[in-house]
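Structure file data_28.cif (mmCIF, C-alpha atoms and all ligand atoms) follows.
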data_input
#
loop_
_atom_site.label_atom_id
_atom_site.label_comp_id
_atom_site.auth_asym_id
_atom_site.auth_seq_id
_atom_site.Cartn_x
_atom_site.Cartn_y
_atom_site.Cartn_z
CA MET A 44 -27.99 -9.56 10.77
CA VAL A 45 -24.56 -10.00 9.27
CA SER A 46 -23.62 -6.88 7.33
CA ALA A 47 -22.45 -6.92 3.74
CA ILE A 48 -19.08 -5.55 4.81
CA LYS A 49 -18.53 -8.34 7.33
CA GLU A 50 -19.63 -10.98 4.81
CA ASN A 51 -17.34 -9.55 2.17
CA VAL A 52 -14.32 -9.48 4.48
CA GLU A 53 -14.97 -13.08 5.58
CA ARG A 54 -15.27 -14.25 1.97
CA ILE A 55 -12.07 -12.43 0.97
CA ARG A 56 -10.17 -13.83 3.97
CA GLY A 57 -11.29 -17.30 2.86
CA GLU A 58 -10.06 -16.68 -0.68
CA ILE A 59 -6.74 -15.36 0.62
CA ALA A 60 -6.33 -18.48 2.76
CA GLU A 61 -7.07 -20.77 -0.19
CA ALA A 62 -4.66 -18.93 -2.48
CA ALA A 63 -1.98 -19.04 0.20
CA ARG A 64 -2.50 -22.77 0.64
CA ARG A 65 -2.18 -23.36 -3.13
CA ALA A 66 1.19 -21.61 -2.97
CA GLY A 67 2.37 -23.43 0.15
CA ARG A 68 2.13 -20.26 2.20
CA GLY A 69 0.31 -19.51 5.45
CA ALA A 70 -2.74 -17.23 5.42
CA ASP A 71 -1.10 -15.28 8.26
CA GLU A 72 1.66 -14.18 5.86
CA VAL A 73 -0.85 -11.92 4.08
CA ARG A 74 -2.36 -8.77 5.58
CA LEU A 75 -5.69 -7.45 4.35
CA MET A 76 -5.84 -3.72 3.70
CA GLY A 77 -9.24 -2.10 3.31
CA VAL A 78 -8.96 0.67 0.73
CA THR A 79 -11.42 3.29 1.91
CA LYS A 80 -11.03 6.22 -0.50
CA PHE A 81 -14.41 7.82 -1.27
CA HIS A 82 -16.10 5.61 1.32
CA PRO A 83 -17.61 7.29 4.35
CA LEU A 84 -16.36 7.10 7.90
CA GLU A 85 -19.34 4.98 9.03
CA MET A 86 -18.29 2.17 6.70
CA MET A 87 -14.71 2.46 7.90
CA LEU A 88 -15.74 2.23 11.55
CA GLU A 89 -17.64 -0.96 10.79
CA ALA A 90 -14.77 -2.51 8.83
CA ALA A 91 -11.82 -1.40 10.97
CA PRO A 92 -12.00 -4.23 13.56
CA LEU A 93 -11.98 -6.78 10.70
CA LEU A 94 -9.00 -5.39 8.80
CA ASP A 95 -5.23 -5.40 9.27
CA LEU A 96 -4.59 -2.07 7.53
CA VAL A 97 -6.44 0.94 6.16
CA GLY A 98 -5.36 2.42 2.81
CA GLU A 99 -6.17 5.90 1.55
CA ASN A 100 -5.06 7.58 -1.67
CA ARG A 101 -5.24 11.22 -0.69
CA VAL A 102 -3.65 12.95 2.28
CA GLN A 103 -6.49 15.46 2.69
CA GLU A 104 -9.24 12.81 2.80
CA ALA A 105 -7.29 10.71 5.30
CA ALA A 106 -6.60 13.71 7.54
CA GLU A 107 -10.30 14.59 7.63
CA LYS A 108 -11.28 11.02 8.45
CA ARG A 109 -8.68 10.69 11.17
CA ALA A 110 -9.80 13.97 12.72
CA ALA A 111 -13.39 12.69 12.78
CA TRP A 112 -12.45 9.24 14.14
CA PRO A 113 -14.26 8.76 17.47
CA GLU A 114 -12.04 8.90 20.53
CA GLY A 115 -11.34 5.46 21.96
CA THR A 116 -12.39 3.55 18.83
CA PRO A 117 -9.49 1.33 17.82
CA CYS A 118 -8.13 1.35 14.30
CA CYS A 119 -5.38 -0.44 12.45
CA PRO A 120 -2.36 1.31 10.86
CA TRP A 121 -2.99 3.67 7.93
CA HIS A 122 -0.99 3.44 4.70
CA LEU A 123 -0.83 6.09 1.99
CA ILE A 124 -1.18 4.32 -1.37
CA GLY A 125 -1.68 7.30 -3.70
CA HIS A 126 0.79 9.77 -5.16
CA LEU A 127 2.35 12.05 -2.53
CA GLN A 128 2.61 15.70 -3.55
CA ARG A 129 5.58 17.62 -2.16
CA ASN A 130 3.38 20.18 -0.39
CA LYS A 131 1.51 17.41 1.48
CA ILE A 132 4.53 15.73 3.03
CA ARG A 133 4.16 17.16 6.52
CA ARG A 134 0.48 16.23 6.70
CA ALA A 135 1.21 12.78 5.30
CA LEU A 136 3.79 12.15 8.02
CA GLU A 137 1.24 13.26 10.64
CA ASN A 138 -1.60 11.11 9.33
CA PHE A 139 -0.06 7.90 8.03
CA ASP A 140 1.96 5.11 9.58
CA LEU A 141 3.62 4.15 6.28
CA VAL A 142 3.81 5.55 2.72
CA GLU A 143 3.68 2.83 0.02
CA SER A 144 3.91 5.10 -3.00
CA ILE A 145 7.44 6.54 -3.08
CA ASP A 146 8.76 6.74 -6.64
CA ALA A 147 11.05 9.79 -6.61
CA LEU A 148 14.20 10.69 -4.71
CA GLU A 149 13.10 14.34 -4.29
CA THR A 150 10.01 13.25 -2.34
CA ALA A 151 12.07 10.92 -0.17
CA CYS A 152 14.61 13.67 0.58
CA SER A 153 11.86 16.13 1.50
CA MET A 154 10.37 13.58 3.89
CA ASP A 155 13.81 13.00 5.37
CA ARG A 156 14.28 16.74 5.98
CA VAL A 157 10.94 17.05 7.78
CA LEU A 158 11.72 13.98 9.89
CA ARG A 159 15.04 15.48 11.05
CA GLU A 160 13.71 18.94 11.86
CA GLY A 161 14.94 20.27 15.17
CA GLY A 162 17.46 17.47 15.46
CA ALA A 163 14.73 14.85 15.91
CA GLU A 164 15.70 11.30 14.99
CA ARG A 165 12.35 10.03 13.88
CA THR A 166 12.38 7.20 11.35
CA PHE A 167 9.53 6.40 9.01
CA PRO A 168 8.75 3.27 6.95
CA ILE A 169 8.12 3.40 3.21
CA PHE A 170 7.72 1.14 0.19
CA ILE A 171 8.96 1.93 -3.29
CA GLU A 172 6.20 1.90 -5.91
CA VAL A 173 7.18 0.19 -9.16
CA ASN A 174 5.34 0.63 -12.45
CA MET A 175 5.72 -3.00 -13.56
CA SER A 176 3.26 -2.67 -16.44
CA ARG A 177 5.04 0.45 -17.77
CA GLU A 178 1.79 2.33 -18.35
CA PRO A 179 2.69 5.97 -18.99
CA ALA A 180 -0.24 7.38 -16.96
CA LYS A 181 0.73 5.41 -13.88
CA SER A 182 2.85 6.35 -10.86
CA GLY A 183 5.82 4.24 -9.91
CA VAL A 184 9.46 3.99 -10.84
CA ALA A 185 10.37 1.86 -13.88
CA PRO A 186 11.61 -1.60 -12.82
CA GLU A 187 15.12 -0.96 -14.14
CA GLU A 188 15.32 2.30 -12.14
CA ALA A 189 14.25 0.78 -8.83
CA GLU A 190 17.70 -0.33 -7.69
CA ARG A 191 19.18 3.12 -8.24
CA LEU A 192 16.30 4.78 -6.39
CA LEU A 193 16.70 2.40 -3.46
CA GLU A 194 20.47 3.03 -3.22
CA SER A 195 19.88 6.80 -3.38
CA ILE A 196 17.26 6.71 -0.64
CA ILE A 197 19.55 4.66 1.61
CA LYS A 198 22.32 7.20 1.06
CA SER A 199 20.41 10.49 0.96
CA ALA A 200 17.27 9.91 3.07
CA PRO A 201 18.50 7.85 6.03
CA SER A 202 15.39 8.53 8.18
CA LEU A 203 13.34 6.48 5.75
CA HIS A 204 13.31 2.71 6.16
CA VAL A 205 12.46 0.94 2.91
CA GLU A 206 10.48 -2.17 3.91
CA GLY A 207 9.32 -3.42 0.54
CA LEU A 208 7.80 -2.77 -2.88
CA MET A 209 4.32 -1.89 -4.11
CA THR A 210 2.71 -2.14 -7.52
CA VAL A 211 -0.65 -1.60 -9.20
CA ALA A 212 -1.13 -4.22 -11.90
CA GLU A 213 -2.63 -3.57 -15.30
CA ASP A 214 -6.43 -3.57 -15.41
CA THR A 215 -6.84 -6.90 -17.20
CA ASP A 216 -8.30 -10.39 -16.73
CA ASP A 217 -5.32 -11.95 -18.46
CA GLU A 218 -3.93 -14.27 -15.83
CA ALA A 219 -0.56 -14.64 -17.57
CA VAL A 220 -0.05 -10.87 -17.63
CA LEU A 221 -1.02 -10.54 -13.97
CA ARG A 222 1.25 -13.40 -12.90
CA ALA A 223 4.15 -11.87 -14.83
CA THR A 224 3.55 -8.55 -13.05
CA PHE A 225 3.28 -9.99 -9.55
CA GLY A 226 6.03 -12.58 -10.01
CA GLY A 227 8.17 -9.86 -11.56
CA LEU A 228 7.79 -7.62 -8.51
CA ARG A 229 8.77 -10.53 -6.26
CA GLU A 230 11.87 -11.24 -8.34
CA LEU A 231 12.78 -7.55 -8.37
CA ARG A 232 12.44 -7.51 -4.58
CA ASP A 233 14.75 -10.53 -4.29
CA LYS A 234 17.32 -8.81 -6.50
CA LEU A 235 17.14 -5.50 -4.59
CA ALA A 236 17.35 -7.27 -1.24
CA ALA A 237 20.48 -9.12 -2.34
CA ALA A 238 22.06 -5.94 -3.75
CA SER A 239 21.25 -3.68 -0.79
CA GLY A 240 21.41 -6.04 2.16
CA LEU A 241 17.96 -4.83 3.29
CA PRO A 242 15.46 -7.66 3.87
CA LEU A 243 12.57 -5.87 2.05
CA PRO A 244 9.99 -8.32 3.44
CA GLU A 245 6.85 -6.57 2.17
CA LEU A 246 5.21 -6.96 -1.26
CA SER A 247 2.05 -4.84 -1.54
CA MET A 248 0.25 -6.21 -4.59
CA GLY A 249 -3.24 -7.39 -5.49
CA MET A 250 -6.58 -5.51 -5.50
CA SER A 251 -10.26 -6.52 -5.66
CA GLY A 252 -9.98 -8.20 -9.05
CA ASP A 253 -6.63 -9.94 -8.73
CA PHE A 254 -5.68 -10.44 -5.07
CA ALA A 255 -5.80 -14.26 -5.18
CA LEU A 256 -3.22 -14.38 -7.99
CA ALA A 257 -1.08 -11.86 -6.13
CA VAL A 258 -1.14 -14.03 -3.00
CA GLU A 259 -0.08 -17.05 -5.06
CA GLU A 260 2.84 -14.95 -6.33
CA GLY A 261 4.00 -13.85 -2.88
CA SER A 262 1.98 -10.78 -1.87
CA THR A 263 2.19 -9.84 1.83
CA ILE A 264 -0.39 -7.01 1.63
CA VAL A 265 -3.50 -7.07 -0.56
CA ARG A 266 -5.22 -3.69 -1.07
CA VAL A 267 -8.94 -4.35 -1.43
CA GLY A 268 -11.52 -1.60 -1.90
CA SER A 269 -14.65 -2.29 -3.94
CA ALA A 270 -14.84 -6.01 -3.08
CA ILE A 271 -15.29 -4.98 0.57
CA PHE A 272 -17.13 -1.66 0.36
CA GLY A 273 -18.90 -1.81 -3.01
CA PRO A 274 -18.52 0.70 -5.83
CA ARG A 275 -17.01 4.09 -4.99
CA ASN A 276 -19.17 7.18 -5.24
CA TYR A 277 -16.95 9.79 -6.88
CA GLY A 278 -19.65 12.43 -6.73
C1 LIG B 301 -8.22 2.26 -5.26
C2 LIG B 301 -6.97 1.47 -5.09
C3 LIG B 301 -7.00 0.12 -4.66
C4 LIG B 301 -8.30 -0.66 -4.44
O1 LIG B 301 -8.93 -0.89 -5.66
P1 LIG B 301 -10.18 -1.91 -5.76
O2 LIG B 301 -10.16 -2.35 -7.16
O3 LIG B 301 -11.38 -1.14 -5.38
O4 LIG B 301 -9.91 -3.02 -4.81
C5 LIG B 301 -5.80 -0.51 -4.44
N1 LIG B 301 -4.61 0.11 -4.63
C6 LIG B 301 -4.54 1.40 -5.04
C7 LIG B 301 -3.21 2.02 -5.23
C8 LIG B 301 -5.71 2.10 -5.28
O5 LIG B 301 -5.62 3.37 -5.72
#
In structure tokens, how does this file's structure come out?
Ligand SMILES: *Cc1c(COP(=O)(O)O)cnc(C)c1O
Amino acid sequence: MVSAIKENVERIRGEIAEAARRAGRGADEVRLMGVTKFHPLEMMLEAAPLLDLVGENRVQEAAEKRAAWPEGTPCCPWHLIGHLQRNKIRRALENFDLVESIDALETACSMDRVLREGGAERTFPIFIEVNMSREPAKSGVAPEEAERLLESIIKSAPSLHVEGLMTVAEDTDDEAVLRATFGGLRELRDKLAAASGLPLPELSMGMSGDFALAVEEGSTIVRVGSAIFGPRNYG
């Protein structure tokens, strides 16, 4: 029997490939992240071989899942995609391979200090999260502040390597709004890359409801939760 998870991933991969083709891109330019917050370890173990990345929102939940991960069972890299509290930085650095949600210099500088403890020269990859839709309740730096944040991180947190940008689009079916958000993040990336000299190859954008549009607009990582795993149980 083919499981629902496997079927879902295959369908989504097909939709990513079609969207990439429409945009003259290759399907292999887009990585599929399974967003596993509030989903149990058993589902993750089933999905892991089919995914390129795992995304979790909370450091504590990810740390518990990683501790319970069976020895010898392969997994793909883990990205933190939720807000990083200052008191969770050490655990985040221990449990994630990349943090996508950096929107404040203070957080970046604290990460940098932990990375250099004891004279170590560890580097760590991050993305800058941009609040393209300017919703007040949302994390992310305002688009016009992103260049200044990037320059400050380069100067003041040299152990961090900024590899790209991340955004969460507005919750809407309005295709024009979504395209403006995703295309806007791509244009912002181009501008920041030119200004900083960093290549900034990664654009993490697109979720269950809008990943195909995001791929058409240049996404390199789509973060898909409910379309793979079903509704989340917040109980
Ligand atoms: C939960 C979450 C997702 C996945 O959302 P779905 O709509 O379930 O695909 C993607 N990105 C972030 C930042 C999230 O918090």
Counting all atoms listed in the file, which residues in segment 117-151 of chain A sit no more than 8 Å from segment 184-194 of chain A? For each one, give the nearest pair of atoms and the distance in Å, sorted by chain then residue number, as a Markdown table.
| residue | atom | partner | partner_atom | distance |
| --- | --- | --- | --- | --- |
| A:Asp146 | CA | A:Val184 | CA | 5.1 |
| A:Ala147 | CA | A:Leu192 | CA | 7.3 |
| A:Leu148 | CA | A:Leu192 | CA | 6.5 |
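Residue nearest ligand LIG 301 (chain B) within the list A:Ala151, A:Ala106, A:Ile271, A:Met250: A:Met250 [criterion: smallest interatomic distance, only C-alpha atoms and all ligand atoms].
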With 12 Å as the threshold, what does the neighbourhood of (-7.2, 11.5, 10.9) contain in terms of residues, counting all atoms listed in the file? Coordinates are those of the file; answer as a compact mmCIF listing (two decimals) with C-alpha atoms, in the frame of the given file.
# COMPACT_ATOMS: atom_id res chain seq x y z
CA LEU A 84 -16.36 7.10 7.90
CA VAL A 97 -6.44 0.94 6.16
CA GLU A 99 -6.17 5.90 1.55
CA ARG A 101 -5.24 11.22 -0.69
CA VAL A 102 -3.65 12.95 2.28
CA GLN A 103 -6.49 15.46 2.69
CA GLU A 104 -9.24 12.81 2.80
CA ALA A 105 -7.29 10.71 5.30
CA ALA A 106 -6.60 13.71 7.54
CA GLU A 107 -10.30 14.59 7.63
CA LYS A 108 -11.28 11.02 8.45
CA ARG A 109 -8.68 10.69 11.17
CA ALA A 110 -9.80 13.97 12.72
CA ALA A 111 -13.39 12.69 12.78
CA TRP A 112 -12.45 9.24 14.14
CA PRO A 113 -14.26 8.76 17.47
CA GLU A 114 -12.04 8.90 20.53
CA CYS A 118 -8.13 1.35 14.30
CA PRO A 120 -2.36 1.31 10.86
CA TRP A 121 -2.99 3.67 7.93
CA HIS A 122 -0.99 3.44 4.70
CA ARG A 134 0.48 16.23 6.70
CA ALA A 135 1.21 12.78 5.30
CA LEU A 136 3.79 12.15 8.02
CA GLU A 137 1.24 13.26 10.64
CA ASN A 138 -1.60 11.11 9.33
CA PHE A 139 -0.06 7.90 8.03
CA ASP A 140 1.96 5.11 9.58
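Among the candidates A:Val78, A:Met154, A:Ile171, A:Ala90, the one nearest to ligand LIG 301 (chain B) when counting all atoms listed in the file is A:Val78.
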For chain A against ligand LIG 301 (chain B), with a cut-off of 9 Å and counting all atoms listed in the file, what is the closest atom pair and its distance in Å to one decimal for every residue that makes the cut, ordered by chain and number, as JSON lines?
{"residue": "A:Met76", "atom": "CA", "partner": "B:LIG301", "partner_atom": "C5", "distance": 8.8}
{"residue": "A:Gly77", "atom": "CA", "partner": "B:LIG301", "partner_atom": "C4", "distance": 7.9}
{"residue": "A:Val78", "atom": "CA", "partner": "B:LIG301", "partner_atom": "C4", "distance": 5.4}
{"residue": "A:Thr79", "atom": "CA", "partner": "B:LIG301", "partner_atom": "C1", "distance": 7.9}
{"residue": "A:Lys80", "atom": "CA", "partner": "B:LIG301", "partner_atom": "C1", "distance": 6.8}
{"residue": "A:Gly98", "atom": "CA", "partner": "B:LIG301", "partner_atom": "N1", "distance": 7.8}
{"residue": "A:Glu99", "atom": "CA", "partner": "B:LIG301", "partner_atom": "O5", "distance": 7.7}
{"residue": "A:Asn100", "atom": "CA", "partner": "B:LIG301", "partner_atom": "O5", "distance": 5.9}
{"residue": "A:Leu123", "atom": "CA", "partner": "B:LIG301", "partner_atom": "C7", "distance": 8.6}
{"residue": "A:Ile124", "atom": "CA", "partner": "B:LIG301", "partner_atom": "C7", "distance": 4.9}
{"residue": "A:Gly125", "atom": "CA", "partner": "B:LIG301", "partner_atom": "C7", "distance": 5.7}
{"residue": "A:His126", "atom": "CA", "partner": "B:LIG301", "partner_atom": "C7", "distance": 8.7}
{"residue": "A:Glu143", "atom": "CA", "partner": "B:LIG301", "partner_atom": "C7", "distance": 8.7}
{"residue": "A:Ser144", "atom": "CA", "partner": "B:LIG301", "partner_atom": "C7", "distance": 8.1}
{"residue": "A:Met209", "atom": "CA", "partner": "B:LIG301", "partner_atom": "C7", "distance": 8.6}
{"residue": "A:Thr210", "atom": "CA", "partner": "B:LIG301", "partner_atom": "C7", "distance": 7.6}
{"residue": "A:Val211", "atom": "CA", "partner": "B:LIG301", "partner_atom": "C7", "distance": 6.0}
{"residue": "A:Ser247", "atom": "CA", "partner": "B:LIG301", "partner_atom": "N1", "distance": 8.9}
{"residue": "A:Met248", "atom": "CA", "partner": "B:LIG301", "partner_atom": "N1", "distance": 8.0}
{"residue": "A:Gly249", "atom": "CA", "partner": "B:LIG301", "partner_atom": "C5", "distance": 7.4}
{"residue": "A:Met250", "atom": "CA", "partner": "B:LIG301", "partner_atom": "O4", "distance": 4.2}
{"residue": "A:Ser251", "atom": "CA", "partner": "B:LIG301", "partner_atom": "O4", "distance": 3.6}
{"residue": "A:Gly252", "atom": "CA", "partner": "B:LIG301", "partner_atom": "O2", "distance": 6.2}
{"residue": "A:Asp253", "atom": "CA", "partner": "B:LIG301", "partner_atom": "O2", "distance": 8.5}
{"residue": "A:Phe254", "atom": "CA", "partner": "B:LIG301", "partner_atom": "O4", "distance": 8.5}
{"residue": "A:Val265", "atom": "CA", "partner": "B:LIG301", "partner_atom": "C5", "distance": 8.0}
{"residue": "A:Arg266", "atom": "CA", "partner": "B:LIG301", "partner_atom": "C5", "distance": 4.7}
{"residue": "A:Val267", "atom": "CA", "partner": "B:LIG301", "partner_atom": "O4", "distance": 3.8}
{"residue": "A:Gly268", "atom": "CA", "partner": "B:LIG301", "partner_atom": "O3", "distance": 3.5}
{"residue": "A:Ser269", "atom": "CA", "partner": "B:LIG301", "partner_atom": "O3", "distance": 3.8}
{"residue": "A:Ala270", "atom": "CA", "partner": "B:LIG301", "partner_atom": "O4", "distance": 6.0}
{"residue": "A:Ile271", "atom": "CA", "partner": "B:LIG301", "partner_atom": "O4", "distance": 7.9}
{"residue": "A:Phe272", "atom": "CA", "partner": "B:LIG301", "partner_atom": "O3", "distance": 8.1}
{"residue": "A:Gly273", "atom": "CA", "partner": "B:LIG301", "partner_atom": "O3", "distance": 7.9}
{"residue": "A:Pro274", "atom": "CA", "partner": "B:LIG301", "partner_atom": "O3", "distance": 7.4}
{"residue": "A:Arg275", "atom": "CA", "partner": "B:LIG301", "partner_atom": "O3", "distance": 7.7}
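When atom CA of Arg156 of chain A is paired with atom CA of Ser195 of chain A, their separation reads 14.8 Å.
Of the listed residues A:Leu158, A:Cys152, A:Glu213, A:Pro201, the one whose atoms come nearest to Asn174 of chain A is A:Glu213, with distances taken using only C-alpha atoms.
The smallest atom-to-atom distance between Asp217 of chain A and any of A:Arg56, A:Cys119, A:Leu256, A:Arg65, using only C-alpha atoms, is found for A:Leu256.
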Coordinates-based distance that separates atom CA of Arg64 of chain A from atom CA of Pro168 of chain A (Å, one decimal) = 29.1 Å
message = One decimal, in Å: what's the spacing between atom CA of Ala60 of chain A and atom CA of Glu72 of chain A?
response = 9.6 Å
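Closest approach to Arg229 of chain A from the set A:Pro244, A:Pro83, A:Gly261, A:Gly162 is made by A:Gly261, with distances taken over only C-alpha atoms.
For the choices A:Glu260, A:Leu96, A:Ile145, A:Asp155, the atom-to-atom distance to Leu221 of chain A is smallest for A:Glu260 when using only C-alpha atoms.
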